[in-house]
Amino acid sequence: MKSFETLVNLYKDKIYSFLLKMTLSREDSDDLLQETFVSVYKNLYKYNDKWKFSTWIYKIATNLLKNYWKKSKRLRTRELSQFPLDDLYNYSNNPEIKYENKENCLQIVKILNDLNYDYRIAFVLKYVKDLSIADIANITGTSPENVKMRIYRARKKICNEFKKQQKELNAYEM
Amino acid sequence: MKCNYNIEDLVNLIEDTVDEESRIELEHHIKKCSKCNKNYTALKLADNLMQKEVKYSKDLYNNLIVRIDENRYKSQSLKYRIGFIFYKNVPKLKIILTATVIILLLITAKSIFPFNKSSINKYNSSKVVSQNSTTIAGKEDSFNEYDIESIPLEFKNVDVTQSIEEIDKSVIEKIYTEKNIAGMIVFIFKNSKDEEFLHGGIKIDGTYYDLGEVSAILLEEYPDTISIEEINYCNLKLLRIYGIVGGAYFGKTSYYVFHDGKPNNFLTVNGRGIERDIDNDGKEEIISCSGPAPYTYLYEYEDGYIKLSDINLKLNADGVFFDNDSNIFKAYYGNDNGKIKLFEYNGKEMVLVDVR
């Protein structure tokens, strides 16, 4: 059990961050995180060392997330303020810049929330430090080329949607 | 202003994978180009968001411990260990399983198509090779058609010491049939002292001898049920009398030999005795076969003694029938789905030639 505790402490923040970026809900991420580690504990004897351990644990989390995604399709119009954004826009002392930054951050979160599952998971996993494109391909069950393509499309979608929202905002302000 | 930069260039800038000159140039461009500026802002914000690692503040481990049934999943538990061993050995198990399936298929194929040399050499005794002659004395129950192709016979001497009595003519109540055999009168008669059987009799030089019981049939009605013959057997002149002495046409064959002008019992067998040299050794054997589930004995004459072998016993069969035409012993096994095994006698052994 001692080694399991070490394992939990090593991965809990990484997995929680990943789940929070995917669900944007602290409560759901909390549940999924616990489910992930319970599942890891139960299936530890199935672990095959041909996989990197980090890949295996993200794969388990991803499988649980996929089920969650199917069940909560209709619930994803949730409050977006659950993701802690303060430090992302509070770096300026100028209230106007601060406000603009906050609005921009919220827009990006909303755009991310509207990304489809395949683009979103590829994009989120791209930022997990331990994972290569090949690892992401293993976790998502697709080819590395497909992963790259999904990340590119996710970025393009973020840019396009951001520009669209900025345009709408400017039109409203005028 | 024409913009030559795309999203990938902006991503490279954010990820800091461009050289210094390009970085300065691109940063300068972003300040002037509205499109790239917006794209850069969006990508930079998304990047910041994704780079952020959120700490999990609760005591996850203790929460998990409550949820995990330690007793059930602790590594010492039997189920966990079995599961562990199973999953670690799945590749080996696959090989073992494949090998097992192949072996089972081979066994099944062999039981469906029992290839046996003897079945190929059907009825061809000259080609039957007696392989690995296995002595199975006392082991008849373990007889296996696939590993034993020949069964050695064991013989024991037959007691023929019973002497033939002279009789007074007055006991001959009635003579039914008589036959002249080499100057001797052989006849079937009613002995006044025996109400059940007809006896065989012989008259030699005016002396009458009683050959014993030979028939239980009323010969007036069924005269053909008895036969009196002189035969040559192993260079001996024998008198053979065949008659029916029991129900269900239970026959008996009696052989007599003559020494010093007197008759002697040579052999008495159940059923109709067949004298034939079935092993081609120049001497005839006598085969007797009787009963509804035929019981068969094989008799050999050697050094002045008659020896017999119990064929049913040696073949461990429920019934053994001797085929008069092919010289084949057909052994019937009722407990083995009525399987019939065909044997030939080679002078020492019963050789399996076919299984049906």
# chains A, B, ... in the order shown; residues from 1 in each chain; ligands from 1
$ residues_around --residues "segment 330-334 of chain B" --least-positions-apart "4" --cutoff "6 Å" --atoms "only C-alpha atoms" --output "list in words"
Ala317, Asp318, Gly319, Val320, Phe321, Gly338, Lys339, Ile340, Lys341 and Leu342 of chain B
$ residues_around --residues "Leu20 of chain A" --least-positions-apart "2" --cutoff "9 Å" --atoms "only C-alpha atoms" --output "PDB file with C-alpha atoms, in the first residue's frame"
ATOM      1  CA  ILE A  15      -4.346  13.569 -13.699  1.00  0.00           C
ATOM      2  CA  TYR A  16      -6.547  16.052 -11.884  1.00  0.00           C
ATOM      3  CA  SER A  17      -5.340  18.903 -14.113  1.00  0.00           C
ATOM      4  CA  PHE A  18      -5.983  16.804 -17.189  1.00  0.00           C
ATOM      5  CA  MET A  22     -11.464  18.143 -20.032  1.00  0.00           C
ATOM      6  CA  THR A  23     -14.535  18.438 -17.799  1.00  0.00           C
ATOM      7  CA  LEU A  24     -14.135  22.031 -16.544  1.00  0.00           C
ATOM      8  CA  SER A  25     -15.878  20.795 -13.412  1.00  0.00           C
ATOM      9  CA  ARG A  26     -14.099  20.367 -10.069  1.00  0.00           C
ATOM     10  CA  ASP A  28     -16.676  15.717 -11.831  1.00  0.00           C
ATOM     11  CA  SER A  29     -12.895  15.812 -11.978  1.00  0.00           C
ATOM     12  CA  ASP A  30     -12.750  14.840  -8.320  1.00  0.00           C
ATOM     13  CA  GLN A  82     -14.780  26.484 -12.096  1.00  0.00           C
ATOM     14  CA  PHE A  83     -11.423  26.473 -13.806  1.00  0.00           C
TER      15      PHE A  83
ATOM     16  CA  VAL B  54      -3.953  22.607 -10.814  1.00  0.00           C
TER      17      VAL B  54
END
$ select_by_dssp --residues "segment 283-321 of chain B" --states "helix (DSSP H, G or I)" --output "ChimeraX atom specification"
/B:311-315
$ closest_residue --among "B:Tyr242, B:Tyr295, B:Tyr5, B:Phe84" --to "chain A" --atoms "only C-alpha atoms"
B:Phe84
$ closest_residue --among "B:Ser34, B:Asn264, B:Ser290, B:Asn232" --to "Asp210 of chain B" --atoms "only C-alpha atoms"
B:Asn264
